[in-house]
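Asker: Let me give you the structure first, and then I'll get to my questions.
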Amino acid sequence: MGWRVAAERNFLILGHRAHTVPDWKLDDLCGGGGRLDVLVRCVTAAMWVSHGLRRDTDVWLLLQGPPAPPVAVHFCGATVRYLNPDERSTAALVRNGLVKLRDRDSVESSPGVTLHRIDLAELLTRLPPAVLLDEAGNSNVFPELPLTLVLGDDRDPTEEERESLAGAPRICLGDRSLLSSACITLAHHALDGA
Ligand SMILES: C[S@@+](CC[C@H](N)C(=O)[O-])C[C@H]1O[C@@H](n2cnc3c(N)ncnc32)[C@H](O)[C@@H]1O
């Protein structure tokens with residue numbers, strides 16, 4: 001499966017427990033899905049404006065839960081179809097992707113939705129420069145686009161993940177610990193005004 005990374009804005013969310021096979025129900029994203037609810041909320045925050053999509057933005061959900069991590073789910077703003085603002089239908093796109101991935105290395109499961117078996121370190125080499133959104137960050141200024149903004153899910157990045165991100169600037173969005181999806185909205189706001 002070829003790589004087409006053209007987006008100016010990329011959001012990469014680290015799903016620490018998100019399941020890597022479709023062994024969960026759409027009614028149980030939080031429990032059985034391994035906090036997939038956090039991840040699909042991030043997709044909505046990153047991709048949607050009122051009545052439309054941000055075609056300059058891609059989202060990468062890195063699923064790292066059992067039983068076969070890692071799997072990256074790529075939502076391509078330029079080409080995605082059948083994406084709706086509600087979280088349940090976004091989760092259904094992820095679920096359908098995991099069904100179609102099976103034992104393959106990658107698959108386009110729906111227009112603009114692609115799954116790859118790739119880890120964080122490898123993914124970072126293929127994306128625009130990374131910036132870590134970090135409560136303990138030491139800057140509030142975003143570098144110039146194109147960028148890959150990296151966030152934790154309901155948990156902060158692990159030590160191993162931080163090692164992969166060692167060279168990335170760390171941006172703090174204030175002294176409160178915010179939801180990942182709220183951080184994405186604030187980041188878009190900052191970048192929209194730049
Ligand atoms: C819900 S927070 C992580 C959990 C949080 N550290 C805690 O234990 O309460 C999810 C992610 O959002 C980002 N984040 C949250 N608050 C932030 C802030 N004030 N500045 C920058 N990033 C933030 C970080 O990437 C973080 O890993």
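Residues in the structure tokens are named by chain (A, B, ... in the order shown) and by number from 1 within that chain; ligands are numbered from 1 in the order shown.
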Can you tell me which residues come within 6 Å of ligand 1 when counting only C-alpha atoms and all ligand atoms, ideally as a list in words?

Answerer: Leu133, Asp134, Glu135, Leu151, Gly152, Asp153, Asp154, Arg155, Asp156, Pro157, Ile171, Cys172, Leu173, Gly174, Asp175, Arg176, Ser177, Leu178, Leu179, Ser180 and Cys183 of chain A

Asker: Fewer than 5 positions away in the same chain doesn't count, so skip those; otherwise give me all residues within 8 Å of stretch 13-18 of chain A, counting only C-alpha atoms, as a PDB file with C-alpha atoms, in the first residue's frame.

Answerer:
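Output below, filename out-v7.pdb:
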```
ATOM      1  CA  GLY A  33     -12.426  -1.055  22.847  1.00  0.00           C
ATOM      2  CA  GLY A  34      -9.617   0.056  25.194  1.00  0.00           C
ATOM      3  CA  ARG A  35     -10.624   3.753  25.327  1.00  0.00           C
ATOM      4  CA  LEU A  36     -11.349   3.908  21.620  1.00  0.00           C
ATOM      5  CA  LEU A  39      -9.514   8.269  19.848  1.00  0.00           C
ATOM      6  CA  CYS A  42     -10.069  13.135  18.499  1.00  0.00           C
ATOM      7  CA  VAL A  59      -5.423  11.908  11.625  1.00  0.00           C
ATOM      8  CA  TRP A  60      -3.364   8.897  12.630  1.00  0.00           C
ATOM      9  CA  LEU A  61      -4.711   6.711  15.447  1.00  0.00           C
ATOM     10  CA  LEU A  62      -1.970   4.412  16.727  1.00  0.00           C
ATOM     11  CA  LEU A  63      -3.705   1.396  18.274  1.00  0.00           C
ATOM     12  CA  GLN A  64      -1.323  -0.327  20.685  1.00  0.00           C
ATOM     13  CA  GLY A  65      -3.601  -2.605  22.670  1.00  0.00           C
ATOM     14  CA  PRO A  66      -4.061  -6.403  22.443  1.00  0.00           C
ATOM     15  CA  VAL A 150       1.408  14.027  18.801  1.00  0.00           C
ATOM     16  CA  LEU A 151      -0.883  13.485  21.794  1.00  0.00           C
ATOM     17  CA  GLY A 152      -1.571  10.851  24.421  1.00  0.00           C
ATOM     18  CA  ASP A 153      -5.051   9.347  24.819  1.00  0.00           C
ATOM     19  CA  ARG A 155      -2.689   8.574  29.395  1.00  0.00           C
ATOM     20  CA  PRO A 157       3.153   9.052  26.350  1.00  0.00           C
TER      21      PRO A 157
END
```

Asker: Just list the residues in chain A DSSP gives strand (DSSP E or B) on the backbone, as an NGL selection string.

Answerer: :A and (9-15 or 48-49 or 52-53 or 57-63 or 71-76 or 106-110 or 113-116 or 130-133 or 139 or 147-152 or 170-171)

Asker: Which residues, written as number ranges by chain, have at least one atom at most 10 Å from A:Met47, with only C-alpha atoms counted and residues fewer than 2 positions away on the same chain left out?

Answerer: A: 11, 42-45, 49, 52-59, 75-77, 80, 83-85, 184-185

Asker: Could you turn the residues from that selection into a file that holds C-alpha atoms, as a PDB file, in the first residue's frame?

Answerer:
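The result, written out as again.pdb:
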```pdb
ATOM      1  CA  PHE A  11      -2.584  14.633  14.384  1.00  0.00           C
ATOM      2  CA  CYS A  42     -10.069  13.135  18.499  1.00  0.00           C
ATOM      3  CA  VAL A  43     -10.966  12.289  14.896  1.00  0.00           C
ATOM      4  CA  THR A  44     -14.079  14.447  15.156  1.00  0.00           C
ATOM      5  CA  ALA A  45     -12.173  17.340  16.747  1.00  0.00           C
ATOM      6  CA  VAL A  49     -15.649  22.177  11.245  1.00  0.00           C
ATOM      7  CA  GLY A  52     -17.648  20.360   6.662  1.00  0.00           C
ATOM      8  CA  LEU A  53     -14.266  18.680   6.824  1.00  0.00           C
ATOM      9  CA  ARG A  54     -10.790  20.117   7.113  1.00  0.00           C
ATOM     10  CA  ARG A  55      -9.315  18.822   3.874  1.00  0.00           C
ATOM     11  CA  ASP A  56      -5.806  19.950   4.917  1.00  0.00           C
ATOM     12  CA  THR A  57      -5.772  17.664   7.960  1.00  0.00           C
ATOM     13  CA  ASP A  58      -4.979  13.980   8.473  1.00  0.00           C
ATOM     14  CA  VAL A  59      -5.423  11.908  11.625  1.00  0.00           C
ATOM     15  CA  PHE A  75      -7.936   9.253   8.103  1.00  0.00           C
ATOM     16  CA  CYS A  76      -6.952  11.342   5.072  1.00  0.00           C
ATOM     17  CA  GLY A  77      -8.800  14.662   5.054  1.00  0.00           C
ATOM     18  CA  VAL A  80     -12.027  10.579   3.172  1.00  0.00           C
ATOM     19  CA  LEU A  83     -17.019  10.212   7.755  1.00  0.00           C
ATOM     20  CA  ASN A  84     -19.718  11.700   9.969  1.00  0.00           C
ATOM     21  CA  PRO A  85     -19.425  13.925  13.036  1.00  0.00           C
ATOM     22  CA  ILE A 184      -6.717  19.389  19.133  1.00  0.00           C
ATOM     23  CA  THR A 185      -9.335  22.154  19.001  1.00  0.00           C
TER      24      THR A 185
END
```

Asker: Nearest residue to A:Val131 out of A:Cys30, A:Val38, A:Leu145, A:Val113, using only C-alpha atoms?

Answerer: A:Leu145

Asker: Name the residues in contact with A:Leu165 at a cut-off of 10 Å, using only C-alpha atoms, excluding same-chain residues fewer than 2 positions from it; report them as a PyMOL selection string.

Answerer: chain A and resi 120-121+124+130-132+150+157+159-163+167-170

Asker: Just the selected residues (N, CA, C and O atoms), exported as a PDB file, in the first residue's frame, please.

Answerer:
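And here's result_35.pdb as it stands now:
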```
ATOM      1  N   LEU A 120       5.446   3.384  16.178  1.00  0.00           N
ATOM      2  CA  LEU A 120       5.586   4.837  16.300  1.00  0.00           C
ATOM      3  C   LEU A 120       6.871   5.341  15.651  1.00  0.00           C
ATOM      4  O   LEU A 120       6.848   6.326  14.903  1.00  0.00           O
ATOM      5  N   ALA A 121       7.991   4.669  15.939  1.00  0.00           N
ATOM      6  CA  ALA A 121       9.273   5.153  15.420  1.00  0.00           C
ATOM      7  C   ALA A 121       9.259   5.199  13.895  1.00  0.00           C
ATOM      8  O   ALA A 121       9.686   6.187  13.283  1.00  0.00           O
ATOM      9  N   LEU A 124       6.893   7.960  12.521  1.00  0.00           N
ATOM     10  CA  LEU A 124       7.444   9.311  12.634  1.00  0.00           C
ATOM     11  C   LEU A 124       8.426   9.623  11.510  1.00  0.00           C
ATOM     12  O   LEU A 124       8.576  10.778  11.119  1.00  0.00           O
ATOM     13  N   ALA A 130       7.609  16.117  13.970  1.00  0.00           N
ATOM     14  CA  ALA A 130       6.713  15.915  15.107  1.00  0.00           C
ATOM     15  C   ALA A 130       6.844  17.038  16.130  1.00  0.00           C
ATOM     16  O   ALA A 130       7.916  17.601  16.338  1.00  0.00           O
ATOM     17  N   VAL A 131       5.704  17.333  16.757  1.00  0.00           N
ATOM     18  CA  VAL A 131       5.628  18.237  17.908  1.00  0.00           C
ATOM     19  C   VAL A 131       4.819  17.486  18.953  1.00  0.00           C
ATOM     20  O   VAL A 131       3.759  16.941  18.626  1.00  0.00           O
ATOM     21  N   LEU A 132       5.309  17.409  20.181  1.00  0.00           N
ATOM     22  CA  LEU A 132       4.573  16.716  21.238  1.00  0.00           C
ATOM     23  C   LEU A 132       3.755  17.730  22.030  1.00  0.00           C
ATOM     24  O   LEU A 132       4.297  18.730  22.519  1.00  0.00           O
ATOM     25  N   VAL A 150       1.540  15.321  18.126  1.00  0.00           N
ATOM     26  CA  VAL A 150       1.408  14.027  18.801  1.00  0.00           C
ATOM     27  C   VAL A 150       0.797  14.232  20.181  1.00  0.00           C
ATOM     28  O   VAL A 150       1.223  15.120  20.934  1.00  0.00           O
ATOM     29  N   PRO A 157       2.220   9.965  27.032  1.00  0.00           N
ATOM     30  CA  PRO A 157       3.153   9.052  26.350  1.00  0.00           C
ATOM     31  C   PRO A 157       4.038   8.304  27.348  1.00  0.00           C
ATOM     32  O   PRO A 157       4.437   8.854  28.380  1.00  0.00           O
ATOM     33  N   GLU A 159       7.554   6.161  28.528  1.00  0.00           N
ATOM     34  CA  GLU A 159       8.981   6.491  28.397  1.00  0.00           C
ATOM     35  C   GLU A 159       9.499   6.081  27.025  1.00  0.00           C
ATOM     36  O   GLU A 159      10.272   6.802  26.398  1.00  0.00           O
ATOM     37  N   GLU A 160       9.090   4.890  26.573  1.00  0.00           N
ATOM     38  CA  GLU A 160       9.551   4.404  25.258  1.00  0.00           C
ATOM     39  C   GLU A 160       9.066   5.333  24.138  1.00  0.00           C
ATOM     40  O   GLU A 160       9.824   5.661  23.219  1.00  0.00           O
ATOM     41  N   GLU A 161       7.814   5.767  24.237  1.00  0.00           N
ATOM     42  CA  GLU A 161       7.294   6.694  23.225  1.00  0.00           C
ATOM     43  C   GLU A 161       8.039   8.023  23.277  1.00  0.00           C
ATOM     44  O   GLU A 161       8.348   8.617  22.236  1.00  0.00           O
ATOM     45  N   ARG A 162       8.325   8.471  24.484  1.00  0.00           N
ATOM     46  CA  ARG A 162       9.073   9.733  24.623  1.00  0.00           C
ATOM     47  C   ARG A 162      10.465   9.619  24.011  1.00  0.00           C
ATOM     48  O   ARG A 162      10.992  10.596  23.476  1.00  0.00           O
ATOM     49  N   GLU A 163      11.052   8.434  24.082  1.00  0.00           N
ATOM     50  CA  GLU A 163      12.367   8.256  23.448  1.00  0.00           C
ATOM     51  C   GLU A 163      12.263   8.440  21.939  1.00  0.00           C
ATOM     52  O   GLU A 163      13.116   9.068  21.310  1.00  0.00           O
ATOM     53  N   GLY A 167      13.548  14.241  19.952  1.00  0.00           N
ATOM     54  CA  GLY A 167      13.960  15.476  19.279  1.00  0.00           C
ATOM     55  C   GLY A 167      12.819  16.448  19.024  1.00  0.00           C
ATOM     56  O   GLY A 167      13.040  17.535  18.476  1.00  0.00           O
ATOM     57  N   ALA A 168      11.604  16.096  19.409  1.00  0.00           N
ATOM     58  CA  ALA A 168      10.441  16.920  19.062  1.00  0.00           C
ATOM     59  C   ALA A 168      10.256  18.067  20.061  1.00  0.00           C
ATOM     60  O   ALA A 168      10.378  17.857  21.267  1.00  0.00           O
ATOM     61  N   PRO A 169       9.929  19.272  19.556  1.00  0.00           N
ATOM     62  CA  PRO A 169       9.561  20.353  20.482  1.00  0.00           C
ATOM     63  C   PRO A 169       8.355  19.939  21.312  1.00  0.00           C
ATOM     64  O   PRO A 169       7.518  19.166  20.849  1.00  0.00           O
ATOM     65  N   ARG A 170       8.261  20.451  22.539  1.00  0.00           N
ATOM     66  CA  ARG A 170       7.147  20.108  23.439  1.00  0.00           C
ATOM     67  C   ARG A 170       6.341  21.370  23.730  1.00  0.00           C
ATOM     68  O   ARG A 170       6.822  22.303  24.349  1.00  0.00           O
TER      69      ARG A 170
END
```
